[in-house]
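S.K.: Sending over coords26.cif (mmCIF, C-alpha atoms and all ligand atoms).
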data_start
loop_
_atom_site.group_PDB
_atom_site.id
_atom_site.type_symbol
_atom_site.label_atom_id
_atom_site.label_comp_id
_atom_site.auth_asym_id
_atom_site.auth_seq_id
_atom_site.Cartn_x
_atom_site.Cartn_y
_atom_site.Cartn_z
ATOM 1 C CA MET A 135 -2.324 32.719 -65.471
ATOM 2 C CA SER A 136 -1.438 32.451 -61.792
ATOM 3 C CA THR A 137 -2.203 29.178 -60.012
ATOM 4 C CA ILE A 138 -2.037 27.805 -56.503
ATOM 5 C CA PHE A 139 1.665 27.120 -57.133
ATOM 6 C CA SER A 140 2.336 30.850 -57.525
ATOM 7 C CA LYS A 141 0.682 31.326 -54.141
ATOM 8 C CA ILE A 142 3.061 28.711 -52.687
ATOM 9 C CA ILE A 143 6.044 30.552 -54.220
ATOM 10 C CA ALA A 144 4.748 33.804 -52.662
ATOM 11 C CA ARG A 145 4.193 32.037 -49.304
ATOM 12 C CA GLU A 146 0.515 32.993 -49.465
ATOM 13 C CA ILE A 147 -0.422 29.385 -48.763
ATOM 14 C CA PRO A 148 1.683 26.846 -46.850
ATOM 15 C CA ALA A 149 3.660 23.961 -48.285
ATOM 16 C CA ARG A 150 6.374 21.624 -47.029
ATOM 17 C CA ILE A 151 9.205 23.271 -48.928
ATOM 18 C CA VAL A 152 12.400 21.237 -49.271
ATOM 19 C CA TYR A 153 14.471 23.398 -51.633
ATOM 20 C CA GLU A 154 14.519 26.883 -53.138
ATOM 21 C CA ASP A 155 16.848 28.906 -55.339
ATOM 22 C CA ASP A 156 16.503 31.871 -57.703
ATOM 23 C CA LEU A 157 14.859 29.779 -60.416
ATOM 24 C CA CYS A 158 12.824 27.078 -58.723
ATOM 25 C CA LEU A 159 11.017 25.816 -55.647
ATOM 26 C CA ALA A 160 10.509 22.217 -54.476
ATOM 27 C CA PHE A 161 7.893 21.012 -52.005
ATOM 28 C CA HIS A 162 6.076 17.848 -50.997
ATOM 29 C CA ASP A 163 2.968 16.992 -53.017
ATOM 30 C CA VAL A 164 -0.217 17.400 -50.951
ATOM 31 C CA ASN A 165 -1.519 14.081 -52.347
ATOM 32 C CA PRO A 166 1.544 11.806 -52.380
ATOM 33 C CA GLN A 167 1.530 8.814 -54.728
ATOM 34 C CA ALA A 168 4.718 7.297 -53.302
ATOM 35 C CA PRO A 169 6.694 7.545 -50.030
ATOM 36 C CA THR A 170 8.657 10.370 -51.660
ATOM 37 C CA HIS A 171 6.585 12.677 -53.868
ATOM 38 C CA ILE A 172 8.103 16.096 -54.397
ATOM 39 C CA LEU A 173 7.157 18.729 -56.965
ATOM 40 C CA ILE A 174 9.881 20.884 -58.542
ATOM 41 C CA ILE A 175 8.464 24.022 -60.117
ATOM 42 C CA PRO A 176 9.972 27.019 -61.912
ATOM 43 C CA LYS A 177 9.335 30.397 -60.302
ATOM 44 C CA LYS A 178 8.556 31.654 -63.804
ATOM 45 C CA GLU A 179 4.879 31.136 -64.594
ATOM 46 C CA ILE A 180 5.049 28.622 -67.448
ATOM 47 C CA PRO A 181 1.849 26.571 -67.833
ATOM 48 C CA ARG A 182 3.324 23.372 -69.244
ATOM 49 C CA VAL A 183 6.135 21.858 -71.298
ATOM 50 C CA ALA A 184 4.191 22.576 -74.492
ATOM 51 C CA ALA A 185 4.316 26.285 -73.647
ATOM 52 C CA THR A 186 8.102 26.435 -73.270
ATOM 53 C CA THR A 187 10.390 28.048 -75.821
ATOM 54 C CA ALA A 188 14.071 27.847 -76.669
ATOM 55 C CA GLU A 189 14.590 30.563 -74.041
ATOM 56 C CA ASP A 190 13.561 28.049 -71.388
ATOM 57 C CA LYS A 191 16.156 25.390 -72.257
ATOM 58 C CA ALA A 192 18.468 26.191 -69.366
ATOM 59 C CA LEU A 193 15.559 26.441 -66.939
ATOM 60 C CA LEU A 194 14.235 23.031 -68.034
ATOM 61 C CA GLY A 195 17.681 21.533 -67.476
ATOM 62 C CA HIS A 196 17.853 23.181 -64.080
ATOM 63 C CA LEU A 197 14.557 21.593 -63.015
ATOM 64 C CA ILE A 198 15.797 18.099 -63.942
ATOM 65 C CA HIS A 199 19.165 18.667 -62.311
ATOM 66 C CA THR A 200 17.449 19.882 -59.144
ATOM 67 C CA ALA A 201 15.222 16.805 -59.186
ATOM 68 C CA GLN A 202 18.199 14.458 -59.329
ATOM 69 C CA THR A 203 19.896 16.334 -56.485
ATOM 70 C CA LEU A 204 16.751 16.035 -54.374
ATOM 71 C CA ALA A 205 16.505 12.331 -55.271
ATOM 72 C CA LYS A 206 20.031 11.906 -53.938
ATOM 73 C CA ASN A 207 19.156 13.832 -50.765
ATOM 74 C CA GLN A 208 16.117 11.584 -50.309
ATOM 75 C CA GLY A 209 18.303 8.464 -50.571
ATOM 76 C CA LEU A 210 16.780 7.375 -53.880
ATOM 77 C CA HIS A 211 19.846 7.212 -56.138
ATOM 78 C CA ASP A 212 20.430 3.483 -55.610
ATOM 79 C CA SER A 213 16.822 2.289 -55.283
ATOM 80 C CA GLY A 214 15.678 4.412 -58.220
ATOM 81 C CA PHE A 215 13.054 7.045 -58.807
ATOM 82 C CA ARG A 216 10.796 8.465 -61.507
ATOM 83 C CA LEU A 217 10.450 11.971 -62.884
ATOM 84 C CA VAL A 218 7.058 12.784 -64.422
ATOM 85 C CA ILE A 219 5.798 15.886 -66.225
ATOM 86 C CA ASN A 220 2.091 15.770 -67.081
ATOM 87 C CA ASN A 221 1.097 17.955 -70.035
ATOM 88 C CA GLY A 222 -2.461 18.922 -70.956
ATOM 89 C CA PRO A 223 -5.758 17.052 -70.510
ATOM 90 C CA ASP A 224 -4.647 13.664 -71.861
ATOM 91 C CA GLY A 225 -1.384 13.949 -69.919
ATOM 92 C CA GLY A 226 -3.231 14.266 -66.626
ATOM 93 C CA GLU A 227 -2.197 17.844 -65.908
ATOM 94 C CA SER A 228 -4.338 19.383 -63.155
ATOM 95 C CA VAL A 229 -2.331 22.487 -62.217
ATOM 96 C CA PRO A 230 -1.322 24.664 -65.194
ATOM 97 C CA HIS A 231 2.044 25.676 -63.764
ATOM 98 C CA LEU A 232 4.915 23.511 -65.049
ATOM 99 C CA HIS A 233 6.067 20.983 -62.446
ATOM 100 C CA VAL A 234 8.294 17.925 -62.313
ATOM 101 C CA HIS A 235 7.051 15.116 -60.065
ATOM 102 C CA LEU A 236 9.843 13.268 -58.220
ATOM 103 C CA LEU A 237 8.478 9.891 -57.127
ATOM 104 C CA GLY A 238 10.315 7.195 -55.233
ATOM 105 C CA GLY A 239 10.503 4.971 -52.204
ATOM 106 C CA ARG A 240 8.547 2.076 -53.737
ATOM 107 C CA ALA A 241 8.645 0.028 -56.943
ATOM 108 C CA LEU A 242 6.602 1.967 -59.485
ATOM 109 C CA GLN A 243 4.537 0.235 -62.144
ATOM 110 C CA TRP A 244 4.886 0.650 -65.900
ATOM 111 C CA PRO A 245 3.093 1.494 -68.146
ATOM 112 C CA PRO A 246 1.162 4.253 -66.369
ATOM 113 C CA GLY A 247 -2.631 4.108 -66.433
HETATM 114 P P1 LIG A 301 -0.551 17.309 -62.122
HETATM 115 O O1 LIG A 301 -1.707 16.374 -62.103
HETATM 116 O O2 LIG A 301 0.654 16.753 -62.859
HETATM 117 O O3 LIG A 301 -0.944 18.695 -62.619
HETATM 118 O O4 LIG A 301 -0.064 17.429 -60.628
HETATM 119 C C1 LIG A 301 -0.491 18.411 -59.740
HETATM 120 C C2 LIG A 301 -0.069 17.971 -58.376
HETATM 121 O O5 LIG A 301 -0.140 19.080 -57.520
HETATM 122 C C3 LIG A 301 -0.940 16.888 -57.759
HETATM 123 O O6 LIG A 301 -0.146 15.718 -57.546
HETATM 124 C C4 LIG A 301 -1.398 17.462 -56.431
HETATM 125 C C5 LIG A 301 -0.500 18.653 -56.243
HETATM 126 N N1 LIG A 301 -1.129 19.787 -55.590
HETATM 127 C C6 LIG A 301 -2.259 20.436 -55.995
HETATM 128 N N2 LIG A 301 -2.538 21.451 -55.170
HETATM 129 C C7 LIG A 301 -1.544 21.449 -54.222
HETATM 130 C C8 LIG A 301 -1.288 22.282 -53.096
HETATM 131 O O7 LIG A 301 -2.010 23.231 -52.787
HETATM 132 N N3 LIG A 301 -0.189 21.975 -52.362
HETATM 133 C C9 LIG A 301 0.648 20.937 -52.683
HETATM 134 N N4 LIG A 301 1.692 20.740 -51.886
HETATM 135 N N5 LIG A 301 0.434 20.149 -53.746
HETATM 136 C C10 LIG A 301 -0.659 20.401 -54.494
#
Hey, can you dump this file as structure tokens for me?
Ligand code: DGP
M.R.:
Amino acid sequence: MSTIFSKIIAREIPARIVYEDDLCLAFHDVNPQAPTHILIIPKKEIPRVAATTAEDKALLGHLIHTAQTLAKNQGLHDSGFRLVINNGPDGGESVPHLHVHLLGGRALQWPPG
């Protein structure tokens, strides 16, 4: 199922894109929850972590590696940051296209609500 994120990948709707390669795209979240709030998404239409297979192992690693590179670029390596992947209704997922949230720039609370 295509979502608004596929439209961002296709440049059919605008986004503040910060990184792109053959496998993924990263852009600022439209509703930021921290001074830095970037979404890293695969170009492949995968709804959520629960829908991944062994074939996606390298892609999943690539998303996390990209997130840590972007965290470094954003100056967050020393202060710290959080990576979040919401999965399904109880996980708070609202867009069914797999995405890693990169949050940083303030002290984040734990546990989440
Ligand atoms: P989640 O709740 O984990 O599914 O997060 C979805 C995030 O996507 C949420 O933080 C808001 C963001 N979002 C939704 N629609 C758009 C959009 O059109 N553009 C951008 N940049 N972000 C969006």
S.K.: For the file shown, report as a list in words the outcome of the PyMOL selection byres (((chain A and resi 169) around 10) and not hetatm) at residue level.
M.R.: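 Taken over the shown coordinates, the PyMOL selection byres (((chain A and resi 169) around 10) and not hetatm) returns Pro166, Gln167, Ala168, Thr170, His171, Ile172, Leu237, Gly238, Gly239 and Arg240 of chain A.
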S.K.: Counting all atoms listed in the file, name the residues that have an atom within 12 Å of an atom of ligand LIG 301 (chain A); the answer should be given as a PyMOL selection string.
M.R.: chain A and resi 137-143+145-152+159-168+170-175+181-183+217-237
S.K.: I'd like the box whose edges run along x, y and z of the file and which contains every listed atom of range 204-214 of chain A, padded by 6 Å per side; could you state its centre and edge lengths in Å, one decimal, as JSON?
M.R.:
{"center_x": 18.1, "center_y": 9.2, "center_z": -54.3, "size_x": 16.8, "size_y": 25.7, "size_z": 19.9}
S.K.: Between CA of Lys177 in chain A and CA of His199 in chain A, what is the spacing in Å?
M.R.: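 Calculated distance between CA of His199 in chain A and CA of Lys177 in chain A is 15.4 Å.
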S.K.: Looking at only C-alpha atoms, which of A:Ala184, A:Gly209, A:Leu157, A:Arg216 is the one that sits closest to His196 in chain A?
M.R.: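 Closest residue, counting only C-alpha atoms: A:Leu157.
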S.K.: Any idea what the distance is between CA of Thr203 in chain A and CA of Tyr153 in chain A?
M.R.: 10.1 Å
S.K.: Report, in Å to a single decimal, how far apart CA of Ala241 in chain A and CA of Gly195 in chain A are.
M.R.: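 CA of Ala241 in chain A lies 25.6 Å from CA of Gly195 in chain A.
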S.K.: Nearest to Leu193 in chain A: which of A:Asp156, A:His211, A:Lys206, A:Leu242 is it, counting all atoms listed in the file?
M.R.: A:Asp156
S.K.: Would you mind completing range 161-185 of chain A so that it carries N, CA, C and O atoms, and writing it out as a compact mmCIF listing (two decimals), keeping the file's coordinate frame?
M.R.:
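Wrote it out as result-v1.txt, contents follow:
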# COMPACT_ATOMS: atom_id res chain seq x y z
N PHE A 161 8.69 21.25 -53.21
CA PHE A 161 7.89 21.01 -52.00
C PHE A 161 7.17 19.69 -52.14
O PHE A 161 6.97 19.17 -53.25
N HIS A 162 6.78 19.13 -51.00
CA HIS A 162 6.08 17.85 -51.00
C HIS A 162 4.68 18.00 -51.60
O HIS A 162 3.96 18.96 -51.30
N ASP A 163 4.30 17.01 -52.43
CA ASP A 163 2.97 16.99 -53.02
C ASP A 163 1.93 16.78 -51.91
O ASP A 163 2.13 15.97 -50.99
N VAL A 164 0.83 17.49 -51.97
CA VAL A 164 -0.22 17.40 -50.95
C VAL A 164 -0.94 16.05 -51.01
O VAL A 164 -1.56 15.63 -50.03
N ASN A 165 -0.83 15.36 -52.14
CA ASN A 165 -1.52 14.08 -52.35
C ASN A 165 -0.51 13.03 -52.83
O ASN A 165 -0.53 12.63 -54.00
N PRO A 166 0.39 12.62 -51.94
CA PRO A 166 1.54 11.81 -52.38
C PRO A 166 1.13 10.45 -52.96
O PRO A 166 0.29 9.75 -52.40
N GLN A 167 1.78 10.09 -54.05
CA GLN A 167 1.53 8.81 -54.73
C GLN A 167 2.64 7.80 -54.47
O GLN A 167 2.63 6.69 -55.02
N ALA A 168 3.59 8.17 -53.65
CA ALA A 168 4.72 7.30 -53.30
C ALA A 168 5.30 7.85 -52.00
O ALA A 168 5.01 9.00 -51.62
N PRO A 169 6.11 7.05 -51.29
CA PRO A 169 6.69 7.54 -50.03
C PRO A 169 7.43 8.89 -50.19
O PRO A 169 7.38 9.73 -49.29
N THR A 170 8.11 9.04 -51.30
CA THR A 170 8.66 10.37 -51.66
C THR A 170 7.89 10.88 -52.87
O THR A 170 7.83 10.20 -53.91
N HIS A 171 7.28 12.04 -52.74
CA HIS A 171 6.58 12.68 -53.87
C HIS A 171 6.77 14.19 -53.72
O HIS A 171 6.07 14.84 -52.94
N ILE A 172 7.72 14.68 -54.46
CA ILE A 172 8.10 16.10 -54.40
C ILE A 172 7.83 16.73 -55.76
O ILE A 172 8.05 16.10 -56.80
N LEU A 173 7.37 17.96 -55.74
CA LEU A 173 7.16 18.73 -56.96
C LEU A 173 8.26 19.77 -57.08
O LEU A 173 8.56 20.48 -56.11
N ILE A 174 8.86 19.86 -58.26
CA ILE A 174 9.88 20.88 -58.54
C ILE A 174 9.27 21.81 -59.58
O ILE A 174 8.89 21.37 -60.68
N ILE A 175 9.15 23.08 -59.23
CA ILE A 175 8.46 24.02 -60.12
C ILE A 175 9.36 25.22 -60.41
O ILE A 175 10.14 25.66 -59.55
N PRO A 176 9.25 25.77 -61.63
CA PRO A 176 9.97 27.02 -61.91
C PRO A 176 9.25 28.19 -61.24
O PRO A 176 8.02 28.16 -61.09
N LYS A 177 9.99 29.19 -60.83
CA LYS A 177 9.34 30.40 -60.30
C LYS A 177 8.65 31.17 -61.44
O LYS A 177 7.64 31.83 -61.22
N LYS A 178 9.19 31.04 -62.63
CA LYS A 178 8.56 31.65 -63.80
C LYS A 178 7.23 30.95 -64.08
O LYS A 178 7.15 29.72 -64.02
N GLU A 179 6.20 31.72 -64.35
CA GLU A 179 4.88 31.14 -64.59
C GLU A 179 4.79 30.60 -66.02
O GLU A 179 4.41 31.30 -66.95
N ILE A 180 5.16 29.32 -66.16
CA ILE A 180 5.05 28.62 -67.45
C ILE A 180 3.98 27.56 -67.26
O ILE A 180 4.10 26.73 -66.35
N PRO A 181 2.94 27.52 -68.09
CA PRO A 181 1.85 26.57 -67.83
C PRO A 181 2.25 25.11 -67.95
O PRO A 181 1.83 24.27 -67.16
N ARG A 182 3.02 24.79 -68.97
CA ARG A 182 3.32 23.37 -69.24
C ARG A 182 4.49 23.29 -70.22
O ARG A 182 4.88 24.30 -70.83
N VAL A 183 5.00 22.06 -70.38
CA VAL A 183 6.14 21.86 -71.30
C VAL A 183 5.81 22.38 -72.69
O VAL A 183 6.66 23.00 -73.35
N ALA A 184 4.58 22.16 -73.14
CA ALA A 184 4.19 22.58 -74.49
C ALA A 184 4.23 24.09 -74.67
O ALA A 184 4.22 24.58 -75.80
N ALA A 185 4.28 24.82 -73.57
CA ALA A 185 4.32 26.28 -73.65
C ALA A 185 5.74 26.83 -73.52
O ALA A 185 5.93 28.04 -73.51
